[in-house]
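Novice: Next up, work.pdb (PDB, C-alpha atoms).
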ATOM      1  CA  MET D1072     -64.087  12.766  56.580
ATOM      2  CA  SER D1073     -63.171  11.135  53.315
ATOM      3  CA  GLY D1074     -63.829   7.532  52.409
ATOM      4  CA  HIS D1075     -60.082   6.977  52.211
ATOM      5  CA  SER D1076     -59.481   7.971  55.843
ATOM      6  CA  LEU D1077     -62.435   5.817  56.908
ATOM      7  CA  ALA D1078     -60.838   2.865  55.109
ATOM      8  CA  VAL D1079     -57.527   3.470  56.872
ATOM      9  CA  GLU D1080     -59.197   3.773  60.278
ATOM     10  CA  SER D1081     -61.142   0.560  59.755
ATOM     11  CA  PHE D1082     -57.840  -1.395  59.828
ATOM     12  CA  VAL D1083     -57.307  -0.539  63.505
ATOM     13  CA  ALA D1084     -59.595  -3.391  64.567
ATOM     14  CA  PHE D1085     -57.711  -5.960  62.476
ATOM     15  CA  ALA D1086     -55.003  -8.110  64.029
ATOM     16  CA  ASP D1087     -51.808  -8.538  62.016
ATOM     17  CA  CYS D1088     -52.707 -12.123  61.123
ATOM     18  CA  ASP D1089     -56.079 -10.957  59.713
ATOM     19  CA  LEU D1090     -54.265  -8.434  57.510
ATOM     20  CA  VAL D1091     -51.893 -11.169  56.322
ATOM     21  CA  THR D1092     -54.853 -13.375  55.365
ATOM     22  CA  GLN D1093     -56.453 -10.495  53.459
ATOM     23  CA  ALA D1094     -53.155  -9.610  51.739
ATOM     24  CA  ILE D1095     -52.684 -13.227  50.620
ATOM     25  CA  ALA D1096     -56.230 -13.069  49.211
ATOM     26  CA  GLY D1097     -55.116 -10.117  47.069
ATOM     27  CA  ARG D1098     -56.181  -7.110  49.135
ATOM     28  CA  GLU D1099     -53.249  -4.722  48.558
ATOM     29  CA  SER D1100     -54.502  -2.207  51.137
ATOM     30  CA  SER D1101     -54.093  -4.844  53.873
ATOM     31  CA  PHE D1102     -50.401  -5.277  53.069
ATOM     32  CA  GLU D1103     -50.019  -1.479  52.945
ATOM     33  CA  GLU D1104     -51.422  -1.345  56.484
ATOM     34  CA  LEU D1105     -48.836  -3.902  57.640
ATOM     35  CA  VAL D1106     -46.122  -1.723  56.094
ATOM     36  CA  ARG D1107     -47.559   1.333  57.908
ATOM     37  CA  ARG D1108     -47.506  -0.530  61.215
ATOM     38  CA  TYR D1109     -43.968  -1.876  60.943
ATOM     39  CA  GLN D1110     -41.978   0.441  58.646
ATOM     40  CA  ARG D1111     -40.626   2.747  61.368
ATOM     41  CA  PRO D1112     -39.699   0.106  63.967
ATOM     42  CA  ILE D1113     -38.080  -2.116  61.310
ATOM     43  CA  ALA D1114     -36.156   0.826  59.788
ATOM     44  CA  SER D1115     -34.982   1.805  63.278
ATOM     45  CA  TYR D1116     -33.889  -1.754  64.101
ATOM     46  CA  VAL D1117     -32.046  -2.249  60.799
ATOM     47  CA  TYR D1118     -30.336   1.142  61.140
ATOM     48  CA  ARG D1119     -29.124   0.303  64.626
ATOM     49  CA  MET D1120     -27.865  -3.044  63.381
ATOM     50  CA  THR D1121     -25.962  -1.597  60.410
ATOM     51  CA  GLY D1122     -25.096   1.951  61.490
ATOM     52  CA  ASP D1123     -25.710   3.121  57.915
ATOM     53  CA  TYR D1124     -28.757   5.358  57.423
ATOM     54  CA  GLU D1125     -28.983   5.055  53.622
ATOM     55  CA  ALA D1126     -28.387   1.300  53.696
ATOM     56  CA  ALA D1127     -31.054   0.932  56.395
ATOM     57  CA  LEU D1128     -33.666   2.551  54.150
ATOM     58  CA  ASP D1129     -32.749   0.226  51.261
ATOM     59  CA  LEU D1130     -32.656  -2.821  53.534
ATOM     60  CA  THR D1131     -36.043  -1.944  55.057
ATOM     61  CA  GLN D1132     -37.519  -1.907  51.565
ATOM     62  CA  GLU D1133     -35.826  -5.261  50.923
ATOM     63  CA  VAL D1134     -37.354  -6.641  54.144
ATOM     64  CA  PHE D1135     -40.877  -5.705  53.034
ATOM     65  CA  ILE D1136     -40.324  -7.198  49.579
ATOM     66  CA  LYS D1137     -39.242 -10.441  51.271
ATOM     67  CA  VAL D1138     -42.249 -10.262  53.609
ATOM     68  CA  TYR D1139     -44.618  -9.753  50.673
ATOM     69  CA  ASN D1140     -43.106 -12.649  48.722
ATOM     70  CA  SER D1141     -43.199 -14.922  51.802
ATOM     71  CA  LEU D1142     -46.685 -14.104  53.126
ATOM     72  CA  ALA D1143     -48.056 -17.481  52.071
ATOM     73  CA  ARG D1144     -45.379 -19.155  54.254
ATOM     74  CA  TYR D1145     -46.287 -17.154  57.384
ATOM     75  CA  ARG D1146     -47.735 -19.410  60.086
ATOM     76  CA  PRO D1147     -50.338 -17.669  62.293
ATOM     77  CA  GLU D1148     -49.308 -19.573  65.422
ATOM     78  CA  TYR D1149     -46.301 -17.201  65.515
ATOM     79  CA  LYS D1150     -46.659 -13.497  66.205
ATOM     80  CA  PHE D1151     -46.339 -11.536  62.951
ATOM     81  CA  SER D1152     -44.045  -9.031  64.688
ATOM     82  CA  THR D1153     -41.616 -11.826  65.635
ATOM     83  CA  TRP D1154     -41.689 -13.181  62.087
ATOM     84  CA  ILE D1155     -40.961  -9.801  60.470
ATOM     85  CA  TYR D1156     -38.145  -9.049  62.943
ATOM     86  CA  ARG D1157     -36.657 -12.446  62.062
ATOM     87  CA  ILE D1158     -36.643 -11.473  58.360
ATOM     88  CA  ALA D1159     -35.153  -8.060  59.250
ATOM     89  CA  HIS D1160     -32.495  -9.742  61.422
ATOM     90  CA  ASN D1161     -31.449 -12.083  58.599
ATOM     91  CA  THR D1162     -31.432  -9.240  56.047
ATOM     92  CA  ALA D1163     -29.267  -7.030  58.289
ATOM     93  CA  ILE D1164     -26.878  -9.905  59.103
ATOM     94  CA  ASP D1165     -26.502 -10.700  55.383
ATOM     95  CA  HIS D1166     -25.723  -7.036  54.715
ATOM     96  CA  LEU D1167     -23.140  -6.934  57.516
ATOM     97  CA  ARG D1168     -21.483 -10.101  56.190
ATOM     98  CA  ARG D1169     -21.264  -8.587  52.704
ATOM     99  CA  HIS D1170     -19.700  -5.427  54.135
ATOM    100  CA  SER D1171     -17.599  -6.989  56.889
ATOM    101  CA  THR D1172     -14.338  -5.243  55.952
ATOM    102  CA  HIS D1173     -14.740  -3.006  58.990
ATOM    103  CA  GLU D1174     -16.679  -2.948  62.255
ATOM    104  CA  LEU D1175     -19.748  -0.760  61.874
ATOM    105  CA  ASP D1176     -20.622   1.551  64.746
ATOM    106  CA  LEU D1177     -24.270   1.460  65.789
ATOM    107  CA  ALA D1178     -24.140   4.838  67.525
ATOM    108  CA  THR D1179     -24.727   8.121  65.698
ATOM    109  CA  ASP D1180     -23.004   8.486  62.331
ATOM    110  CA  GLU D1181     -20.997  11.454  61.090
ATOM    111  CA  HIS D1182     -24.181  13.181  59.908
ATOM    112  CA  GLY D1183     -25.718  12.950  63.371
ATOM    113  CA  HIS D1184     -28.409  10.476  62.271
ATOM    114  CA  GLU D1185     -29.538   8.497  65.284
ATOM    115  CA  ARG D1186     -32.403   6.545  63.780
ATOM    116  CA  PRO D1187     -35.059   7.260  61.181
ATOM    117  CA  ILE D1188     -37.846   8.022  63.649
ATOM    118  CA  LEU D1189     -39.506  11.344  64.330
ATOM    119  CA  SER D1190     -40.041  12.182  68.003
ATOM    120  CA  GLY D1191     -43.189  13.718  69.441
ATOM    121  CA  ALA D1192     -43.629  17.465  69.868
ATOM    122  CA  MET D1193     -41.283  18.798  72.566
ATOM    123  CA  THR D1194     -39.669  22.108  73.355
ATOM    124  CA  PRO D1195     -36.221  22.659  71.763
ATOM    125  CA  GLU D1196     -34.642  22.330  75.234
ATOM    126  CA  GLN D1197     -36.408  19.026  75.930
ATOM    127  CA  GLU D1198     -35.535  17.772  72.459
ATOM    128  CA  SER D1199     -31.889  18.734  72.976
ATOM    129  CA  GLU D1200     -31.732  17.025  76.383
ATOM    130  CA  ARG D1201     -33.427  13.931  75.023
ATOM    131  CA  ALA D1202     -31.122  13.776  71.993
ATOM    132  CA  GLU D1203     -28.083  14.188  74.251
ATOM    133  CA  ARG D1204     -29.257  11.448  76.627
ATOM    134  CA  ARG D1205     -30.108   9.168  73.694
ATOM    135  CA  ALA D1206     -26.696   9.771  72.138
ATOM    136  CA  GLU D1207     -25.040   8.886  75.476
ATOM    137  CA  ILE D1208     -27.059   5.651  75.723
ATOM    138  CA  GLU D1209     -26.459   4.832  72.038
ATOM    139  CA  GLY D1210     -22.731   5.351  72.626
ATOM    140  CA  VAL D1211     -22.740   2.867  75.508
ATOM    141  CA  VAL D1212     -24.857   0.353  73.548
ATOM    142  CA  GLY D1213     -22.601   0.814  70.501
ATOM    143  CA  ALA D1214     -19.549  -0.070  72.599
ATOM    144  CA  LEU D1215     -21.022  -3.433  73.616
ATOM    145  CA  PRO D1216     -19.768  -6.602  71.903
ATOM    146  CA  GLU D1217     -21.913  -7.390  68.852
ATOM    147  CA  SER D1218     -23.383 -10.510  70.501
ATOM    148  CA  TYR D1219     -24.828  -8.342  73.318
ATOM    149  CA  ARG D1220     -25.660  -5.227  71.313
ATOM    150  CA  GLU D1221     -28.429  -6.642  69.116
ATOM    151  CA  LEU D1222     -30.149  -8.319  72.074
ATOM    152  CA  ILE D1223     -30.239  -5.067  74.056
ATOM    153  CA  ILE D1224     -31.634  -3.230  71.012
ATOM    154  CA  LEU D1225     -34.389  -5.822  70.523
ATOM    155  CA  ARG D1226     -35.271  -5.869  74.241
ATOM    156  CA  HIS D1227     -35.189  -2.166  75.084
ATOM    157  CA  ALA D1228     -35.665  -0.289  71.810
ATOM    158  CA  HIS D1229     -38.256  -2.664  70.334
ATOM    159  CA  ASP D1230     -39.818  -4.181  73.486
ATOM    160  CA  LEU D1231     -39.514  -7.793  72.351
ATOM    161  CA  SER D1232     -39.883 -10.474  75.016
ATOM    162  CA  TYR D1233     -37.059 -12.910  75.772
ATOM    163  CA  ASP D1234     -38.977 -15.634  73.923
ATOM    164  CA  GLU D1235     -39.428 -13.375  70.882
ATOM    165  CA  ILE D1236     -35.733 -12.448  70.881
ATOM    166  CA  ALA D1237     -34.827 -16.146  70.966
ATOM    167  CA  GLU D1238     -37.156 -16.704  67.996
ATOM    168  CA  VAL D1239     -35.735 -13.742  66.027
ATOM    169  CA  THR D1240     -32.066 -14.539  66.616
ATOM    170  CA  GLY D1241     -32.257 -18.344  66.709
ATOM    171  CA  LEU D1242     -30.449 -18.390  70.083
ATOM    172  CA  PRO D1243     -31.513 -20.623  72.984
ATOM    173  CA  LEU D1244     -33.702 -18.793  75.530
ATOM    174  CA  GLY D1245     -31.139 -19.286  78.316
ATOM    175  CA  THR D1246     -28.412 -17.713  76.170
ATOM    176  CA  VAL D1247     -30.633 -14.708  75.429
ATOM    177  CA  LYS D1248     -31.360 -14.129  79.130
ATOM    178  CA  ASN D1249     -27.719 -14.609  80.109
ATOM    179  CA  ARG D1250     -26.382 -12.230  77.442
ATOM    180  CA  ILE D1251     -28.926  -9.520  78.230
ATOM    181  CA  PHE D1252     -28.034  -9.775  81.936
ATOM    182  CA  ARG D1253     -24.320  -9.512  81.113
ATOM    183  CA  ALA D1254     -24.954  -6.635  78.684
ATOM    184  CA  ARG D1255     -26.844  -4.690  81.362
ATOM    185  CA  GLU D1256     -24.017  -5.307  83.819
ATOM    186  CA  ALA D1257     -21.492  -4.079  81.225
ATOM    187  CA  MET D1258     -23.577  -0.948  80.601
ATOM    188  CA  ARG D1259     -24.154   0.005  84.234
ATOM    189  CA  SER D1260     -20.842   1.703  85.037
ATOM    190  CA  PRO D1261     -20.476   3.632  81.736
ATOM    191  CA  LEU D1262     -24.061   4.921  82.102
ATOM    192  CA  ILE D1263     -23.530   5.979  85.718
ATOM    193  CA  GLU D1264     -20.308   7.763  84.661
ATOM    194  CA  ARG D1265     -22.441   9.735  82.196
ATOM    195  CA  GLY D1266     -24.977  10.594  84.886
ATOM    196  CA  ILE D1267     -27.661   8.213  83.579
ATOM    197  CA  THR D1268     -29.117   6.077  86.350
ATOM    198  CA  SER D1269     -32.219   4.817  84.537
ATOM    199  CA  VAL D1270     -32.802   3.869  80.923
TER     200      VAL D1270
END
As structure tokens, how would this structure be written, given the file I've shared?

Specialist:
Amino acid sequence: MSGHSLAVESFVAFADCDLVTQAIAGRESSFEELVRRYQRPIASYVYRMTGDYEAALDLTQEVFIKVYNSLARYRPEYKFSTWIYRIAHNTAIDHLRRHSTHELDLATDEHGHERPILSGAMTPEQESERAERRAEIEGVVGALPESYRELIILRHAHDLSYDEIAEVTGLPLGTVKNRIFRAREAMRSPLIERGITSV
């Protein structure tokens, strides 16, 4: 085993806030580890917000530049994951406002990109079934009003708690809970029509 892989493995024990402290102190490898931990989920979230694969890659890079430049302002009493999703949320919203000439669809695009994440090893049949089911769910999520859509994505695709979603979006906790409940109700019938009874 090389020294490099040992160095990478040694980060596993570090909490995000420890890595932030080290990165602020000038340890570049600590920031690189934060990027490794969050690049895929943030790219996925931004893509599903914007519906534009190429833009999502650029915006994800922009998010990490903002994170790097703002590290000294991060307050450890907040979860780092919530803080970075908040930056990603604001970056995606700014992008959507700049390109608000048309409603962007968050389902699959014309190239069939669903999200920039590689799945685990599965048989071609399992992969096909999974992709089909995911496309069905994405279609239903994409048809939701924008105010519901992002909350469902944060809750179910990124496993954020209600409190974290409130922090990321700036919405009151009660509003978050109410909208997610209404979004699930709105999704139930279309999912059942597609033969999907559990998500």

Novice: Given the file above and the PyMOL selection byres ((chain D and resi 1095) around 12), which residues are selected, and can you give them as number ranges by chain?

Specialist: D: 1088-1094, 1096-1102, 1138-1145

Novice: What separation in Å, quoted to one decimal, exists between CA of Val1117 in chain D and CA of Ser1260 in chain D?

Specialist: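 Value for the CA of Val1117 in chain D-CA of Ser1260 in chain D distance: 27.0 Å.
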
Novice: Counting all atoms listed in the file, figure out which residue out of D:Gln1110, D:Thr1246, D:Ser1199, D:Thr1121 gets nearest to Ser1152 in chain D.

Specialist: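 Nearest to Ser1152 in chain D: D:Gln1110.
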
Novice: In the coordinates of the file, take the point (-27.0, -4.8, 66.4) and a cut-off of 12 Å; then, counting all atoms listed in the file, name each qualifying protein, DNA or RNA residue as a PyMOL selection string.

Specialist: chain D and resi 1115-1123+1159-1161+1163-1164+1166-1167+1174-1178+1209+1212-1226+1228+1240

Novice: Calculate how many Å separate CA of Lys1137 in chain D from CA of Leu1231 in chain D, rounding to one decimal.

Specialist: 21.2 Å

Novice: May I ask for the distance between CA of Ile1155 in chain D and CA of Lys1248 in chain D, given in Å to one decimal place?

Specialist: 21.4 Å

Novice: Which is closer to Ile1158 in chain D than all the others in D:Ala1127, D:Ile1113, D:Ala1257, D:Val1247, using only C-alpha atoms?

Specialist: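 Comparing D:Ala1127, D:Ile1113, D:Ala1257, D:Val1247 against Ile1158 in chain D, the winner is D:Ile1113.
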
Novice: Point out the residue among D:His1229, D:Arg1146, D:Arg1265, D:Arg1157 with the least atom-to-atom distance to Val1134 in chain D, counting all atoms listed in the file.

Specialist: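 Closest residue, counting all atoms listed in the file: D:Arg1157.
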
Novice: Out of D:Glu1207, D:Leu1244, D:Glu1238, D:Phe1252, which residue has the shortest atom-to-atom distance to Glu1264 in chain D when counting all atoms listed in the file?

Specialist: D:Glu1207

Novice: Hey, which of D:His1227, D:Arg1169, D:Arg1255, D:Arg1204 ends up closest to Ile1267 in chain D? Count all atoms listed in the file.

Specialist: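 Among the listed residues, the smallest separation from Ile1267 in chain D belongs to D:Arg1204.
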
Novice: Emit as lines of an AutoDock Vina configuration file the padded axis-aligned box for all listed atoms of range 1208-1227 of chain D, 5 Å per side, with centre and edge lengths in Å to one decimal.

Specialist:
center_x = -27.4
center_y = -2.4
center_z = 72.3
size_x = 25.7
size_y = 26.2
size_z = 16.9
